[in-house]
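Q: The structure's right below; bear with me while I get my questions together.
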Amino acid sequence: MKFQPISKWLPNAAKPLIIAGPCSAESEVQIMQVAETLSEAGSVQLLRAGVWKPRTRPNSFEGMGKNALPWLIKAEKEFGIPFVIEVANEEHVKAALDAGISHVWIGARTTVNPFSVQEIADALEGSNIPVFVKNPLNPDLQLWIGAIERLNAAGLEKLAAIHRGFSTYEKRAYRNSPNWEIPIELKTQFPELEIIVDPSHIGGDRSVLREISQKALDLGFDGLMIETHPNPDEALSDPKQQIFLHEFEAFISELEEKQPHFKDRIAKNQLEQLRKLIDEIDHGLIESLKHRQEIVAQIGDYKAEHGVTVFQLERWRKIISDRLSDAEARKVEIELVRSVWNEIHKASIRLQTDVVNRKLSQ
Ligand code: PEP
Ligand code: MN
């Protein structure tokens with residue numbers, strides 16, 4: 001896939017990119033107030049507002065619809081910061097493009113549906129408009145990539161992703177589970193694709209926005225999308241997670257920006273030394289695994305010779321409980337040891353099954 005970096009298509013784009021605004025556009029007064037305050041504060045490059053709101057249950061506020069579009073255009077003209085809005089079908093795309101909206105995003109409930117994404121991609125074809133693609137509700141990286149591919153195949157290259165966390169059935173500390181490894185894998189596969197983190201929808205409560213935002217910057221993501229409202233408690237959608245507009249600038253200025261690379265040569269050398277140590281430790285681990293594998297094969301031979309089953313429940317129980325208590329005593333992360341030994345044991349069973357099968361076919 002081919003992407004154009006945000007700096008090529010957004011005037012005043014910054015790193016990290018800050019997108020902010022209310023969950024929903026509620027009135028012209030609210031939109032003008034948000035645009036004015038945030039343009040004066042100076043840390044925001046793109047304003048957000050939901051016009052059509054996908055609500056979990058019917059009979060909730062479903063957005064002001066296309067009546068809100070002229071407010072956004074007016075605010076953009078007056079305060080100089082463009083808006084991004086959510087589109088979920090062809091009708092939304094047409095209305096947004098007709099009104100002169102310059103950026104759109106695809107929401108999590110739409111990214112899950114390839115038919116909807118294709119409909120939007122077809123409707124956007126030829127517009128060359130920037131599109132932000134939120135992750136699907138479920139932790140499925142392929143579905144997220146698939147949505148981006150559909151847009152790219154429609155000739156859209158001004159693309160970026162938004163990580164807003166994943167739904168879970170159990171109630172957790174956050175509204176949506178961040179599963180950071182998924183956006184990190186997306187970045188690994190598509191280094192050119194910029195990823196903006198949406199701490200508001202991950203956290204679901206303004207009290208946790210700072211820690212999630214800082215984590216996003218610490219991990220080196222490309223920007224933040226944050227919901228802010230002049231009077232969040234009265235907001236028509238997502239009241240708990242929006243931060244007070246008058247606190248927005250302080251919120252941003254308290255975040256610590258991280259550099260992607262070391263500026264200081266001495267610090268860089270120290271890091272290199274530590275990385276060498278890690279390389280040595282890893283090679284030592286592989287050496288140990290090789291040795292272990294040889295012994296496992298010998299045991300396999302022995303079991304085959306004596307007609308004993310490969311899987312020995314008692315022995316496995318003893319191994320895992322011994323390794324976990326050793327890990328606990330040495331303060332090594334228990335879950336890490338549990339998952340590593342599960343894999344090691346599975347590999348041993350595979351190896352010994354092969355040994356037995358080979359013996360049988362001789
Ligand atoms: C939103 O940004 O207000 C929204 C509805 O987001 P999501 O699609 O991430 O739930
Ligand atoms: Mn919202």
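Following the order of the structure tokens, chains are lettered A, B, ..., residues in each are numbered from 1, and ligands are numbered from 1.
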As a quick test: using only C-alpha atoms and all ligand atoms, which residues lie no more than 9 Å away from ligand 2? Give them as a VMD selection string.
A: chain A and resid 22 to 24 49 to 50 53 200 to 201 204 227 237 to 239 241 to 242
Q: Write out as a ChimeraX atom specification all residues of region 179-311 of chain A that backbone DSSP assigns to helix (DSSP H, G or I).
A: /A:181-189,199-203,206-218,232-234,245-253,265-305
Q: Would you give me, as number ranges by chain, the residues in region 31-148 of chain A that DSSP reads as strand (DSSP E or B)?
A: A: 46-48, 50, 83-86, 103-106, 131-134
Q: Would you please work out which residue, of A:Val133, A:Thr309, A:Ser348, A:Ala216, is nearest to Glu294 (chain A) when using only C-alpha atoms?
A: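 So, comparing all the options, the nearest one is A:Ser348.
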Q: Enter the distance from CA of Ser207 (chain A) to CA of Val87 (chain A), in Å, rounded to one decimal.
A: 28.7 Å
Q: Of the candidates A:Asn176, A:Ser27, A:Asn67, A:Asn128, which one gets nearest to ligand 1 if we count only C-alpha atoms and all ligand atoms?
A: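 Smallest separation from ligand 1 among the options: A:Asn176.
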Q: Need to verify the contact set: region 153-155 of chain A, 8 Å, only C-alpha atoms, exclusion of same-chain residues closer than 2 positions in sequence. Can you return it as a compact mmCIF listing (two decimals) with N, CA, C and O atoms, in the first residue's frame?
A:
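The result, stored in around.txt:
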# COMPACT_ATOMS: atom_id res chain seq x y z
N ALA A 121 -15.65 3.49 0.55
CA ALA A 121 -14.49 3.62 -0.35
C ALA A 121 -14.98 4.01 -1.75
O ALA A 121 -14.43 4.91 -2.39
N ASP A 122 -16.06 3.34 -2.22
CA ASP A 122 -16.59 3.67 -3.56
C ASP A 122 -17.08 5.11 -3.60
O ASP A 122 -16.85 5.83 -4.57
N LEU A 124 -16.06 7.58 -1.84
CA LEU A 124 -14.97 8.55 -1.69
C LEU A 124 -14.03 8.57 -2.90
O LEU A 124 -13.22 9.48 -3.05
N GLU A 125 -14.15 7.55 -3.75
CA GLU A 125 -13.22 7.42 -4.88
C GLU A 125 -13.17 8.72 -5.68
O GLU A 125 -14.20 9.31 -6.00
N GLY A 126 -11.97 9.18 -5.99
CA GLY A 126 -11.80 10.40 -6.78
C GLY A 126 -11.80 11.67 -5.94
O GLY A 126 -11.48 12.74 -6.44
N ASN A 128 -9.97 12.22 -3.16
CA ASN A 128 -8.64 12.48 -2.62
C ASN A 128 -8.66 13.05 -1.20
O ASN A 128 -7.75 13.74 -0.77
N GLU A 149 -6.96 -1.25 3.19
CA GLU A 149 -6.71 -1.69 1.81
C GLU A 149 -7.85 -1.30 0.86
O GLU A 149 -7.61 -0.91 -0.28
N ARG A 150 -9.09 -1.43 1.34
CA ARG A 150 -10.23 -1.07 0.48
C ARG A 150 -10.17 0.40 0.08
O ARG A 150 -10.46 0.78 -1.05
N LEU A 151 -9.80 1.27 1.05
CA LEU A 151 -9.72 2.70 0.76
C LEU A 151 -8.54 2.98 -0.18
O LEU A 151 -8.66 3.74 -1.14
N GLU A 157 -4.86 7.84 -0.73
CA GLU A 157 -3.52 7.62 -0.13
C GLU A 157 -3.30 8.47 1.10
O GLU A 157 -2.33 8.27 1.83
Q: Set the distance at 8 Å and use only C-alpha atoms: which residues neighbour region 71-85 of chain A once local chain neighbours fewer than 6 positions away are removed? I'd like the list as a list in words.
A: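 The contact residues come out as Ser27, Glu28, Ile31, Met32, Ala35, Glu36, Ser39, Gln45, Leu46, Leu47, Arg48, Ala49, Gly50, Val51, Ala99, Gly100, Ile101, Ser102, His103, Val104 and Trp105 of chain A.
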Q: The selected residues should be written to file as a PDB file, in the first residue's frame (atoms: N, CA and C atoms).
A:
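To be explicit, this is the file written out as out-v5.pdb:
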ATOM      1  N   SER A  27     -24.470  22.043  18.921  1.00  0.00           N
ATOM      2  CA  SER A  27     -25.078  23.320  18.536  1.00  0.00           C
ATOM      3  C   SER A  27     -23.998  24.181  17.892  1.00  0.00           C
ATOM      4  N   GLU A  28     -24.454  25.196  17.179  1.00  0.00           N
ATOM      5  CA  GLU A  28     -23.491  26.093  16.541  1.00  0.00           C
ATOM      6  C   GLU A  28     -22.650  26.802  17.608  1.00  0.00           C
ATOM      7  N   ILE A  31     -19.915  24.490  18.885  1.00  0.00           N
ATOM      8  CA  ILE A  31     -18.845  24.291  17.895  1.00  0.00           C
ATOM      9  C   ILE A  31     -17.957  25.530  17.798  1.00  0.00           C
ATOM     10  N   MET A  32     -18.584  26.712  17.783  1.00  0.00           N
ATOM     11  CA  MET A  32     -17.793  27.945  17.674  1.00  0.00           C
ATOM     12  C   MET A  32     -16.923  28.129  18.922  1.00  0.00           C
ATOM     13  N   ALA A  35     -13.975  25.637  18.710  1.00  0.00           N
ATOM     14  CA  ALA A  35     -12.997  26.022  17.683  1.00  0.00           C
ATOM     15  C   ALA A  35     -12.211  27.255  18.131  1.00  0.00           C
ATOM     16  N   GLU A  36     -12.911  28.206  18.752  1.00  0.00           N
ATOM     17  CA  GLU A  36     -12.235  29.433  19.184  1.00  0.00           C
ATOM     18  C   GLU A  36     -11.220  29.120  20.293  1.00  0.00           C
ATOM     19  N   SER A  39      -8.283  27.027  18.937  1.00  0.00           N
ATOM     20  CA  SER A  39      -7.383  27.726  18.006  1.00  0.00           C
ATOM     21  C   SER A  39      -6.518  28.705  18.781  1.00  0.00           C
ATOM     22  N   GLN A  45      -4.241  20.590  15.714  1.00  0.00           N
ATOM     23  CA  GLN A  45      -4.119  20.777  14.262  1.00  0.00           C
ATOM     24  C   GLN A  45      -5.381  20.376  13.514  1.00  0.00           C
ATOM     25  N   LEU A  46      -6.242  19.601  14.180  1.00  0.00           N
ATOM     26  CA  LEU A  46      -7.459  19.135  13.516  1.00  0.00           C
ATOM     27  C   LEU A  46      -8.547  19.051  14.575  1.00  0.00           C
ATOM     28  N   LEU A  47      -9.750  19.528  14.211  1.00  0.00           N
ATOM     29  CA  LEU A  47     -10.862  19.471  15.162  1.00  0.00           C
ATOM     30  C   LEU A  47     -11.753  18.290  14.815  1.00  0.00           C
ATOM     31  N   ARG A  48     -12.330  17.671  15.824  1.00  0.00           N
ATOM     32  CA  ARG A  48     -13.234  16.554  15.598  1.00  0.00           C
ATOM     33  C   ARG A  48     -14.627  16.910  16.107  1.00  0.00           C
ATOM     34  N   ALA A  49     -15.642  16.306  15.502  1.00  0.00           N
ATOM     35  CA  ALA A  49     -17.003  16.390  16.038  1.00  0.00           C
ATOM     36  C   ALA A  49     -17.817  15.325  15.316  1.00  0.00           C
ATOM     37  N   GLY A  50     -18.592  14.575  16.065  1.00  0.00           N
ATOM     38  CA  GLY A  50     -19.461  13.568  15.453  1.00  0.00           C
ATOM     39  C   GLY A  50     -20.768  14.209  15.039  1.00  0.00           C
ATOM     40  N   VAL A  51     -21.179  13.926  13.823  1.00  0.00           N
ATOM     41  CA  VAL A  51     -22.402  14.519  13.283  1.00  0.00           C
ATOM     42  C   VAL A  51     -23.496  13.450  13.229  1.00  0.00           C
ATOM     43  N   ALA A  99     -20.947  19.446   1.514  1.00  0.00           N
ATOM     44  CA  ALA A  99     -20.847  20.584   2.442  1.00  0.00           C
ATOM     45  C   ALA A  99     -19.429  21.167   2.467  1.00  0.00           C
ATOM     46  N   GLY A 100     -18.457  20.431   1.926  1.00  0.00           N
ATOM     47  CA  GLY A 100     -17.070  20.931   1.922  1.00  0.00           C
ATOM     48  C   GLY A 100     -16.254  20.475   3.118  1.00  0.00           C
ATOM     49  N   ILE A 101     -16.693  19.414   3.774  1.00  0.00           N
ATOM     50  CA  ILE A 101     -15.904  18.840   4.890  1.00  0.00           C
ATOM     51  C   ILE A 101     -14.608  18.285   4.292  1.00  0.00           C
ATOM     52  N   SER A 102     -13.475  18.544   5.001  1.00  0.00           N
ATOM     53  CA  SER A 102     -12.187  18.219   4.362  1.00  0.00           C
ATOM     54  C   SER A 102     -11.537  16.919   4.849  1.00  0.00           C
ATOM     55  N   HIS A 103     -11.995  16.362   5.965  1.00  0.00           N
ATOM     56  CA  HIS A 103     -11.396  15.125   6.488  1.00  0.00           C
ATOM     57  C   HIS A 103     -12.518  14.259   7.059  1.00  0.00           C
ATOM     58  N   VAL A 104     -12.409  12.941   6.899  1.00  0.00           N
ATOM     59  CA  VAL A 104     -13.409  12.063   7.519  1.00  0.00           C
ATOM     60  C   VAL A 104     -12.723  10.930   8.274  1.00  0.00           C
ATOM     61  N   TRP A 105     -13.491  10.321   9.207  1.00  0.00           N
ATOM     62  CA  TRP A 105     -13.000   9.094   9.819  1.00  0.00           C
ATOM     63  C   TRP A 105     -14.068   8.025   9.700  1.00  0.00           C
TER      64      TRP A 105
END
Q: Fewer than 6 positions away in the same chain doesn't count, so skip those; otherwise give me all residues within 9 Å of region 1-8 of chain A, counting only C-alpha atoms, as an MDAnalysis selection string.
A: chainID A and resid 14:15 17 130 148:149 152:153 156:160 190 192:194
Q: Can you write just those residues out, C-alpha atoms, as an mmCIF file, in the first residue's frame?
A:
data_model
loop_
_atom_site.group_PDB
_atom_site.id
_atom_site.type_symbol
_atom_site.label_atom_id
_atom_site.label_comp_id
_atom_site.auth_asym_id
_atom_site.auth_seq_id
_atom_site.Cartn_x
_atom_site.Cartn_y
_atom_site.Cartn_z
ATOM 1 C CA ALA A 14 2.767 18.442 13.967
ATOM 2 C CA LYS A 15 4.309 15.441 15.692
ATOM 3 C CA LEU A 17 -0.612 15.321 15.834
ATOM 4 C CA PRO A 130 -7.941 12.232 3.935
ATOM 5 C CA ILE A 148 -7.361 0.420 4.921
ATOM 6 C CA GLU A 149 -6.707 -1.691 1.805
ATOM 7 C CA ASN A 152 -6.232 2.518 -0.722
ATOM 8 C CA ALA A 153 -7.541 0.459 -3.635
ATOM 9 C CA LEU A 156 -7.063 7.166 -1.427
ATOM 10 C CA GLU A 157 -3.524 7.625 -0.133
ATOM 11 C CA LYS A 158 -4.085 10.264 2.519
ATOM 12 C CA LEU A 159 -4.771 7.626 5.115
ATOM 13 C CA ALA A 160 -4.009 7.220 8.810
ATOM 14 C CA PHE A 190 3.110 -0.721 7.540
ATOM 15 C CA GLU A 192 4.601 4.421 6.639
ATOM 16 C CA LEU A 193 1.073 4.397 8.068
ATOM 17 C CA GLU A 194 0.699 6.905 10.896
#
Q: Which residue, A:Glu119, A:Glu26, A:Asp198, A:Glu280, has the smallest gap to ligand 1 when you use only C-alpha atoms and all ligand atoms?
A: A:Asp198
Q: So the first atom is CA of Ala25 (chain A) and the second is CA of Asn89 (chain A); what is the distance between them in Å, to one decimal place?
A: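 Computing the Euclidean distance for CA of Ala25 (chain A) and CA of Asn89 (chain A) yields 18.5 Å.
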Q: What's the 12 Å shell around Lys187 (chain A), counting only C-alpha atoms, without same-chain residues fewer than 3 positions away, as a list in words?
A: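 Answer for this query is Leu141, Ile145, Ala160, Ala161, Ile162, His163, Trp180, Glu181, Ile182, Pro183, Ile184, Phe190, Pro191, Glu192, Leu193, Glu194, Ile195, Ile196, Leu219, Gly220, Phe221 and Asp222 of chain A.
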Q: Let me see the file: selected residues, N, CA and C atoms, as a compact mmCIF listing (two decimals), in the first residue's frame.
A:
# COMPACT_ATOMS: atom_id res chain seq x y z
N LEU A 141 -6.72 -7.66 13.65
CA LEU A 141 -5.83 -6.80 12.86
C LEU A 141 -6.11 -6.92 11.37
N ILE A 145 -6.64 -3.90 8.71
CA ILE A 145 -5.82 -3.75 7.50
C ILE A 145 -6.72 -3.80 6.26
N ALA A 160 -4.66 7.45 7.52
CA ALA A 160 -4.01 7.22 8.81
C ALA A 160 -4.94 6.33 9.62
N ALA A 161 -4.39 5.68 10.63
CA ALA A 161 -5.20 4.78 11.45
C ALA A 161 -5.46 5.46 12.80
N ILE A 162 -6.56 5.07 13.43
CA ILE A 162 -6.82 5.52 14.81
C ILE A 162 -7.05 4.30 15.68
N HIS A 163 -6.25 4.24 16.76
CA HIS A 163 -6.39 3.13 17.70
C HIS A 163 -7.31 3.58 18.84
N TRP A 180 -2.16 -3.07 23.14
CA TRP A 180 -1.16 -2.26 22.40
C TRP A 180 -0.42 -3.07 21.35
N GLU A 181 -0.31 -4.40 21.56
CA GLU A 181 0.46 -5.20 20.60
C GLU A 181 -0.18 -5.16 19.20
N ILE A 182 -1.50 -4.87 19.13
CA ILE A 182 -2.15 -4.88 17.81
C ILE A 182 -1.75 -3.64 16.98
N PRO A 183 -1.91 -2.41 17.53
CA PRO A 183 -1.40 -1.28 16.73
C PRO A 183 0.11 -1.34 16.50
N ILE A 184 0.85 -1.94 17.44
CA ILE A 184 2.31 -2.06 17.23
C ILE A 184 2.57 -3.00 16.04
N PHE A 190 3.23 -1.89 8.42
CA PHE A 190 3.11 -0.72 7.54
C PHE A 190 3.76 0.48 8.20
N PRO A 191 5.11 0.54 8.18
CA PRO A 191 5.81 1.61 8.90
C PRO A 191 5.42 3.01 8.44
N GLU A 192 4.96 3.11 7.20
CA GLU A 192 4.60 4.42 6.64
C GLU A 192 3.25 4.94 7.14
N LEU A 193 2.43 4.02 7.65
CA LEU A 193 1.07 4.40 8.07
C LEU A 193 1.13 5.02 9.47
N GLU A 194 0.67 6.26 9.57
CA GLU A 194 0.70 6.91 10.90
C GLU A 194 -0.50 6.45 11.73
N ILE A 195 -0.26 6.30 13.03
CA ILE A 195 -1.31 5.81 13.92
C ILE A 195 -1.55 6.81 15.04
N ILE A 196 -2.79 7.25 15.12
CA ILE A 196 -3.21 8.20 16.15
C ILE A 196 -3.92 7.39 17.23
N LEU A 219 5.10 5.06 23.68
CA LEU A 219 5.25 3.99 22.69
C LEU A 219 5.59 4.54 21.30
N GLY A 220 5.56 5.85 21.15
CA GLY A 220 5.97 6.45 19.88
C GLY A 220 4.86 6.53 18.83
N PHE A 221 3.61 6.50 19.26
CA PHE A 221 2.53 6.67 18.27
C PHE A 221 2.52 8.12 17.78
N ASP A 222 1.81 8.33 16.65
CA ASP A 222 1.98 9.59 15.92
C ASP A 222 1.08 10.73 16.36
Q: Take CA of Val117 (chain A) and CA of Val44 (chain A) and report the distance between them in Å, one decimal.
A: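 That distance, rounded to one decimal, is 27.9 Å.
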Q: Tell me which of A:Lys215, A:His246, A:Lys258, A:Lys263 sits closest to His229 (chain A), counting only C-alpha atoms.
A: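 That would be A:His246, the residue with the smallest distance to His229 (chain A).
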Q: Restricting the calculation to only C-alpha atoms and all ligand atoms: of A:Ile202, A:Leu351, A:Ala147, A:Ile278, which residue gets closest to ligand 1?
A: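 The answer is A:Ile202, which sits nearest to ligand 1.
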Q: Set the distance at 12 Å and use only C-alpha atoms: which residues neighbour Asn342 (chain A) once local chain neighbours fewer than 2 positions away are removed? I'd like the list as a VMD selection string.
A: chain A and resid 316 to 317 319 to 321 323 to 324 335 to 340 344 to 349
Q: Write the residues of the selection above to a file with N, CA, C and O atoms, as a PDB file, in the first residue's frame.
A:
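Final file, out39.pdb:
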ATOM      1  N   TRP A 316       4.228 -33.422  33.649  1.00  0.00           N
ATOM      2  CA  TRP A 316       3.948 -32.047  33.186  1.00  0.00           C
ATOM      3  C   TRP A 316       3.481 -31.170  34.347  1.00  0.00           C
ATOM      4  O   TRP A 316       3.939 -30.052  34.523  1.00  0.00           O
ATOM      5  N   ARG A 317       2.608 -31.726  35.198  1.00  0.00           N
ATOM      6  CA  ARG A 317       2.132 -30.948  36.372  1.00  0.00           C
ATOM      7  C   ARG A 317       3.295 -30.556  37.263  1.00  0.00           C
ATOM      8  O   ARG A 317       3.363 -29.442  37.769  1.00  0.00           O
ATOM      9  N   ILE A 319       6.493 -30.284  36.364  1.00  0.00           N
ATOM     10  CA  ILE A 319       7.351 -29.284  35.694  1.00  0.00           C
ATOM     11  C   ILE A 319       6.754 -27.890  35.867  1.00  0.00           C
ATOM     12  O   ILE A 319       7.428 -26.967  36.332  1.00  0.00           O
ATOM     13  N   ILE A 320       5.465 -27.749  35.519  1.00  0.00           N
ATOM     14  CA  ILE A 320       4.911 -26.392  35.499  1.00  0.00           C
ATOM     15  C   ILE A 320       4.857 -25.811  36.912  1.00  0.00           C
ATOM     16  O   ILE A 320       5.193 -24.645  37.118  1.00  0.00           O
ATOM     17  N   SER A 321       4.502 -26.648  37.915  1.00  0.00           N
ATOM     18  CA  SER A 321       4.420 -26.041  39.246  1.00  0.00           C
ATOM     19  C   SER A 321       5.830 -25.700  39.766  1.00  0.00           C
ATOM     20  O   SER A 321       6.025 -24.650  40.391  1.00  0.00           O
ATOM     21  N   ARG A 323       8.449 -24.810  37.845  1.00  0.00           N
ATOM     22  CA  ARG A 323       8.972 -23.628  37.134  1.00  0.00           C
ATOM     23  C   ARG A 323       8.281 -22.352  37.615  1.00  0.00           C
ATOM     24  O   ARG A 323       8.907 -21.303  37.733  1.00  0.00           O
ATOM     25  N   LEU A 324       6.969 -22.467  37.919  1.00  0.00           N
ATOM     26  CA  LEU A 324       6.257 -21.270  38.384  1.00  0.00           C
ATOM     27  C   LEU A 324       6.728 -20.853  39.775  1.00  0.00           C
ATOM     28  O   LEU A 324       6.889 -19.660  40.037  1.00  0.00           O
ATOM     29  N   GLU A 335       3.290 -14.916  34.432  1.00  0.00           N
ATOM     30  CA  GLU A 335       2.560 -15.200  33.186  1.00  0.00           C
ATOM     31  C   GLU A 335       3.514 -15.471  32.024  1.00  0.00           C
ATOM     32  O   GLU A 335       3.223 -16.242  31.126  1.00  0.00           O
ATOM     33  N   LEU A 336       4.645 -14.775  32.040  1.00  0.00           N
ATOM     34  CA  LEU A 336       5.645 -14.998  30.990  1.00  0.00           C
ATOM     35  C   LEU A 336       6.145 -16.438  31.077  1.00  0.00           C
ATOM     36  O   LEU A 336       6.180 -17.176  30.081  1.00  0.00           O
ATOM     37  N   VAL A 337       6.513 -16.861  32.296  1.00  0.00           N
ATOM     38  CA  VAL A 337       7.069 -18.204  32.473  1.00  0.00           C
ATOM     39  C   VAL A 337       6.004 -19.248  32.110  1.00  0.00           C
ATOM     40  O   VAL A 337       6.284 -20.235  31.424  1.00  0.00           O
ATOM     41  N   ARG A 338       4.763 -18.987  32.528  1.00  0.00           N
ATOM     42  CA  ARG A 338       3.701 -19.952  32.222  1.00  0.00           C
ATOM     43  C   ARG A 338       3.558 -20.109  30.696  1.00  0.00           C
ATOM     44  O   ARG A 338       3.534 -21.203  30.171  1.00  0.00           O
ATOM     45  N   SER A 339       3.529 -18.982  29.970  1.00  0.00           N
ATOM     46  CA  SER A 339       3.288 -19.131  28.534  1.00  0.00           C
ATOM     47  C   SER A 339       4.515 -19.698  27.824  1.00  0.00           C
ATOM     48  O   SER A 339       4.383 -20.503  26.908  1.00  0.00           O
ATOM     49  N   VAL A 340       5.714 -19.329  28.279  1.00  0.00           N
ATOM     50  CA  VAL A 340       6.914 -19.886  27.647  1.00  0.00           C
ATOM     51  C   VAL A 340       6.949 -21.406  27.852  1.00  0.00           C
ATOM     52  O   VAL A 340       7.194 -22.165  26.915  1.00  0.00           O
ATOM     53  N   ILE A 344       7.064 -24.526  25.297  1.00  0.00           N
ATOM     54  CA  ILE A 344       8.178 -25.482  25.343  1.00  0.00           C
ATOM     55  C   ILE A 344       7.617 -26.902  25.451  1.00  0.00           C
ATOM     56  O   ILE A 344       8.053 -27.826  24.750  1.00  0.00           O
ATOM     57  N   HIS A 345       6.608 -27.067  26.295  1.00  0.00           N
ATOM     58  CA  HIS A 345       6.034 -28.402  26.488  1.00  0.00           C
ATOM     59  C   HIS A 345       5.342 -28.882  25.211  1.00  0.00           C
ATOM     60  O   HIS A 345       5.496 -30.034  24.799  1.00  0.00           O
ATOM     61  N   LYS A 346       4.605 -27.966  24.567  1.00  0.00           N
ATOM     62  CA  LYS A 346       3.936 -28.347  23.308  1.00  0.00           C
ATOM     63  C   LYS A 346       4.972 -28.805  22.279  1.00  0.00           C
ATOM     64  O   LYS A 346       4.780 -29.792  21.570  1.00  0.00           O
ATOM     65  N   ALA A 347       6.084 -28.055  22.216  1.00  0.00           N
ATOM     66  CA  ALA A 347       7.127 -28.407  21.240  1.00  0.00           C
ATOM     67  C   ALA A 347       7.733 -29.768  21.582  1.00  0.00           C
ATOM     68  O   ALA A 347       8.048 -30.570  20.687  1.00  0.00           O
ATOM     69  N   SER A 348       7.895 -30.070  22.883  1.00  0.00           N
ATOM     70  CA  SER A 348       8.466 -31.359  23.285  1.00  0.00           C
ATOM     71  C   SER A 348       7.538 -32.497  22.868  1.00  0.00           C
ATOM     72  O   SER A 348       7.994 -33.543  22.390  1.00  0.00           O
ATOM     73  N   ILE A 349       6.229 -32.289  23.063  1.00  0.00           N
ATOM     74  CA  ILE A 349       5.259 -33.328  22.683  1.00  0.00           C
ATOM     75  C   ILE A 349       5.335 -33.565  21.163  1.00  0.00           C
ATOM     76  O   ILE A 349       5.344 -34.704  20.693  1.00  0.00           O
TER      77      ILE A 349
END
